[in-house]
Amino acid sequence: METELSVSPGFDELMIGANGAEVRRASEWLDTICRQRDVPKAPVERLVLCLNEVLANVIAHGGGTALSSPIRLLLEIRLDPDGSKAGVTVSDAGTAFNPLSVAKKILPKTLAEASPGGLGLVMIHRCADWLDYHHEDGHNHLTFGTRWKLP
Amino acid sequence: MSISYKDVGENLRRIVISGRLDIPGTEGVAAQLVELTAAPKKGVVVDLSTVKFLASIGIRALITSAKAVQKRGGKMVLVVNDSSTVMMSLEATGVDQLIPVFKNDSDAERAAVA
């Protein structure tokens with residue numbers, strides 16, 4: 001499978017397969033590029049968490065087409081003294097699913113009430129500063145991002 | 001990814017997990033975690049202080065085990081490095097309010113058998 005391909009200045013692209021090992025590879029790719037571009041540790045960690053959860057949802061719920069098709073990751077980093085940001089767009093060919101349309105899970109107050117599932121979306125909503133979704137050309141396109149101020 | 005355990009007396013089991021609790025990491029230890037927490041010990045300490053990353057699939061495994069321990073009348077607690085991304089994952093999902101979290105072993109062990 002192709003690995004890295006720069007698409008235009010400020011953007012980086014990675015194509016991955018839909019499995020756990022590829023999710024780890026994508027995490028390492030995202031972490032490496034962000035650190036090379038001087039993105040601070042905290043926003044990088046939040047981006048990597050979001051990426052893991054978005055890809056886990058594609059693998060678990062995207063269906064056969066998602067599992068057999070490449071997933072495209074597009075990273076954009078903009079460094080600006082007035083406010084920097086980094087965003088990742090995940091494009092997959094799985095079942096159309098807009099995570100922004102899902103009602104936010106009410107967190108349990110006790111362990112007895114807790115159900116083990118459904119925490120991926122909670123994590124995405126908590127860790128991303130913004131989310132955007134559209135479905136186009138048979139693909140889900142979900143963007144998540146973080147913002148930070150340069151010191 | 002690795003998981004190991006040590007029984008501390010009759011009432012306490014200490015489980016140490018290291019590495020990344022992402023999809024492949026969790027798949028590698030989840031069955032063992034269930035097995036190790038099923039032992040008839042009153043308290044279970046799961047030490048995550050050297051875990052570098054915790055995704056929701058890992059949290060799911062922790063909740064499943066903590067619920068099983070609670071169901072048989074025991075208590076499971078976590079040891080987590082305060083400044084790690086693991087703490088961020090637990091806080092983001094509210095799981096730090098469901099499973100007690102400690103910074104050091106001795107506090108965790110006391111709480112698990114209290």
# chains A, B, ... in the order shown; residues from 1 in each chain; ligands from 1
>>> interface_residues(of="chain A", to="chain B", cutoff="8 Å", atoms="only C-alpha atoms", output="number ranges by chain")
A: 20-21, 23-24, 45, 49, 52-53, 56, 107, 109-112, 114-117, 119-120, 122-123, 126-127
>>> write_last_selection(atoms="C-alpha atoms", output="tab-separated table (two decimals), in the first residue's frame")
chain	number	residue	atom	x	y	z
A	20	GLY	CA	-5.80	-2.07	13.83
A	21	ALA	CA	-2.18	-2.19	12.69
A	23	VAL	CA	-4.55	2.67	12.75
A	24	ARG	CA	-1.35	2.49	14.77
A	45	GLU	CA	-2.23	14.06	21.73
A	49	LEU	CA	-6.86	10.23	20.17
A	52	ASN	CA	-7.90	6.46	16.69
A	53	GLU	CA	-11.57	6.80	17.58
A	56	ALA	CA	-12.09	2.56	15.06
A	107	LEU	CA	-22.27	9.74	31.00
A	109	LYS	CA	-22.71	8.37	37.41
A	110	THR	CA	-21.78	4.94	38.74
A	111	LEU	CA	-19.86	1.93	37.50
A	112	ALA	CA	-22.99	-0.20	37.82
A	114	ALA	CA	-21.87	2.19	32.91
A	115	SER	CA	-21.96	0.39	29.59
A	116	PRO	CA	-18.57	-0.32	28.05
A	117	GLY	CA	-19.43	0.91	24.53
A	119	LEU	CA	-17.16	6.12	24.42
A	120	GLY	CA	-15.36	6.71	21.12
A	122	VAL	CA	-17.60	10.96	23.55
A	123	MET	CA	-13.85	11.14	23.23
A	126	ARG	CA	-14.35	16.14	24.03
A	127	CYS	CA	-10.94	16.20	22.33
>>> residues_around(residues="Ala103 of chain A", least_positions_apart="2", cutoff="12 Å", atoms="only C-alpha atoms", output="JSON, numbers by chain")
{"A": [98, 99, 100, 101, 105, 106, 118, 121, 122, 125]}
>>> residues_around(residues="segment 4-16 of chain B", least_positions_apart="6", cutoff="6 Å", atoms="only C-alpha atoms", output="ChimeraX atom specification")
/B:41-47
>>> select_by_dssp(residues="chain B", states="strand (DSSP E or B)", output="ChimeraX atom specification")
/B:2-8,12-21,43-54,75-79,101-102
>>> write_last_selection(atoms="N, CA and C atoms", output="JSON list (two decimals), in the first residue's frame")
[["chain", "number", "residue", "atom", "x", "y", "z"],
["B", 2, "SER", "N", 2.37, -5.59, 27.01],
["B", 2, "SER", "CA", 2.53, -6.73, 27.92],
["B", 2, "SER", "C", 1.59, -6.59, 29.10],
["B", 3, "ILE", "N", 1.27, -7.72, 29.70],
["B", 3, "ILE", "CA", 0.44, -7.74, 30.90],
["B", 3, "ILE", "C", 1.02, -8.78, 31.84],
["B", 4, "SER", "N", 1.13, -8.42, 33.10],
["B", 4, "SER", "CA", 1.64, -9.36, 34.09],
["B", 4, "SER", "C", 0.90, -9.12, 35.40],
["B", 5, "TYR", "N", 1.06, -10.04, 36.35],
["B", 5, "TYR", "CA", 0.37, -9.85, 37.62],
["B", 5, "TYR", "C", 1.18, -10.41, 38.78],
["B", 6, "LYS", "N", 0.83, -9.92, 39.97],
["B", 6, "LYS", "CA", 1.44, -10.45, 41.19],
["B", 6, "LYS", "C", 0.37, -10.42, 42.28],
["B", 7, "ASP", "N", 0.21, -11.52, 42.97],
["B", 7, "ASP", "CA", -0.74, -11.54, 44.09],
["B", 7, "ASP", "C", -0.03, -11.03, 45.33],
["B", 8, "VAL", "N", -0.68, -10.07, 45.99],
["B", 8, "VAL", "CA", -0.12, -9.48, 47.22],
["B", 8, "VAL", "C", -1.01, -9.96, 48.37],
["B", 12, "LEU", "N", -5.45, -9.35, 47.50],
["B", 12, "LEU", "CA", -5.13, -8.33, 46.49],
["B", 12, "LEU", "C", -4.34, -8.90, 45.30],
["B", 13, "ARG", "N", -4.76, -8.50, 44.13],
["B", 13, "ARG", "CA", -4.01, -8.84, 42.91],
["B", 13, "ARG", "C", -3.59, -7.54, 42.23],
["B", 14, "ARG", "N", -2.33, -7.49, 41.85],
["B", 14, "ARG", "CA", -1.79, -6.30, 41.18],
["B", 14, "ARG", "C", -1.47, -6.69, 39.74],
["B", 15, "ILE", "N", -2.10, -6.01, 38.79],
["B", 15, "ILE", "CA", -1.91, -6.29, 37.36],
["B", 15, "ILE", "C", -1.18, -5.10, 36.74],
["B", 16, "VAL", "N", -0.15, -5.39, 35.99],
["B", 16, "VAL", "CA", 0.61, -4.30, 35.35],
["B", 16, "VAL", "C", 0.48, -4.44, 33.83],
["B", 17, "ILE", "N", 0.03, -3.38, 33.20],
["B", 17, "ILE", "CA", -0.08, -3.35, 31.73],
["B", 17, "ILE", "C", 0.88, -2.28, 31.23],
["B", 18, "SER", "N", 1.58, -2.57, 30.14],
["B", 18, "SER", "CA", 2.44, -1.55, 29.56],
["B", 18, "SER", "C", 2.27, -1.54, 28.04],
["B", 19, "GLY", "N", 2.67, -0.43, 27.44],
["B", 19, "GLY", "CA", 2.55, -0.30, 25.99],
["B", 19, "GLY", "C", 1.41, 0.61, 25.60],
["B", 20, "ARG", "N", 0.77, 0.33, 24.49],
["B", 20, "ARG", "CA", -0.32, 1.16, 23.99],
["B", 20, "ARG", "C", -1.63, 0.38, 24.02],
["B", 21, "LEU", "N", -2.64, 0.95, 24.67],
["B", 21, "LEU", "CA", -3.96, 0.31, 24.66],
["B", 21, "LEU", "C", -4.78, 0.92, 23.52],
["B", 43, "GLY", "N", -9.57, -7.16, 46.19],
["B", 43, "GLY", "CA", -9.13, -5.96, 45.50],
["B", 43, "GLY", "C", -8.25, -6.26, 44.29],
["B", 44, "VAL", "N", -8.41, -5.43, 43.26],
["B", 44, "VAL", "CA", -7.57, -5.56, 42.07],
["B", 44, "VAL", "C", -7.01, -4.18, 41.72],
["B", 45, "VAL", "N", -5.70, -4.09, 41.64],
["B", 45, "VAL", "CA", -5.05, -2.85, 41.20],
["B", 45, "VAL", "C", -4.56, -3.08, 39.78],
["B", 46, "VAL", "N", -4.99, -2.21, 38.87],
["B", 46, "VAL", "CA", -4.48, -2.29, 37.49],
["B", 46, "VAL", "C", -3.55, -1.09, 37.29],
["B", 47, "ASP", "N", -2.28, -1.40, 37.15],
["B", 47, "ASP", "CA", -1.26, -0.35, 37.03],
["B", 47, "ASP", "C", -1.07, 0.02, 35.55],
["B", 48, "LEU", "N", -1.48, 1.25, 35.23],
["B", 48, "LEU", "CA", -1.37, 1.74, 33.85],
["B", 48, "LEU", "C", -0.29, 2.82, 33.75],
["B", 49, "SER", "N", 0.60, 2.89, 34.76],
["B", 49, "SER", "CA", 1.54, 4.01, 34.81],
["B", 49, "SER", "C", 2.55, 4.00, 33.66],
["B", 50, "THR", "N", 2.73, 2.85, 33.01],
["B", 50, "THR", "CA", 3.64, 2.85, 31.85],
["B", 50, "THR", "C", 2.88, 2.67, 30.52],
["B", 51, "VAL", "N", 1.56, 2.78, 30.59],
["B", 51, "VAL", "CA", 0.78, 2.75, 29.34],
["B", 51, "VAL", "C", 0.91, 4.11, 28.67],
["B", 52, "LYS", "N", 1.22, 4.09, 27.38],
["B", 52, "LYS", "CA", 1.51, 5.34, 26.68],
["B", 52, "LYS", "C", 0.29, 5.95, 25.99],
["B", 53, "PHE", "N", -0.74, 5.13, 25.80],
["B", 53, "PHE", "CA", -1.90, 5.61, 25.03],
["B", 53, "PHE", "C", -3.10, 4.76, 25.40],
["B", 54, "LEU", "N", -4.25, 5.41, 25.57],
["B", 54, "LEU", "CA", -5.47, 4.67, 25.95],
["B", 54, "LEU", "C", -6.63, 5.12, 25.06],
["B", 75, "LYS", "N", -13.33, -4.74, 44.37],
["B", 75, "LYS", "CA", -13.13, -3.37, 43.90],
["B", 75, "LYS", "C", -11.87, -3.31, 43.04],
["B", 76, "MET", "N", -12.01, -2.69, 41.89],
["B", 76, "MET", "CA", -10.86, -2.51, 41.00],
["B", 76, "MET", "C", -10.50, -1.03, 40.96],
["B", 77, "VAL", "N", -9.22, -0.75, 41.09],
["B", 77, "VAL", "CA", -8.74, 0.64, 41.02],
["B", 77, "VAL", "C", -7.58, 0.71, 40.01],
["B", 78, "LEU", "N", -7.28, 1.94, 39.60],
["B", 78, "LEU", "CA", -6.23, 2.14, 38.60],
["B", 78, "LEU", "C", -5.08, 2.96, 39.18],
["B", 79, "VAL", "N", -3.88, 2.69, 38.68],
["B", 79, "VAL", "CA", -2.74, 3.56, 38.95],
["B", 79, "VAL", "C", -2.35, 4.20, 37.62],
["B", 101, "VAL", "N", -8.97, 6.30, 40.61],
["B", 101, "VAL", "CA", -7.65, 6.46, 39.99],
["B", 101, "VAL", "C", -6.67, 7.00, 41.04],
["B", 102, "PHE", "N", -5.48, 6.41, 41.10],
["B", 102, "PHE", "CA", -4.46, 6.84, 42.06],
["B", 102, "PHE", "C", -3.13, 7.07, 41.33]]
>>> atom_distance(atom1="atom CA of Gly28 of chain B", atom2="atom CA of Gly94 of chain A")
26.1 Å
>>> closest_residue(among="B:Ala31, B:Ala112, B:Val69, B:Ala39", to="Pro100 of chain B", atoms="only C-alpha atoms")
B:Ala112
>>> closest_residue(among="A:Gly17, A:Gly145, A:Gly10, A:Pro151", to="Ala86 of chain A", atoms="only C-alpha atoms")
A:Gly145
>>> select_by_dssp(residues="chain A", states="alpha helix (DSSP H)", output="ChimeraX atom specification")
/A:20-36,41-61,63-68,119-127
>>> atom_distance(atom1="atom CA of Val54 of chain A", atom2="atom CA of Asp82 of chain B")
25.4 Å
>>> atom_distance(atom1="atom CA of Cys34 of chain A", atom2="atom CA of Val88 of chain A")
11.1 Å
>>> residues_around(residues="Ser91 of chain A", least_positions_apart="5", cutoff="8 Å", atoms="only C-alpha atoms", output="list in words")
Ile71, Arg72, Leu73, His139, Asn140, His141 and Leu142 of chain A
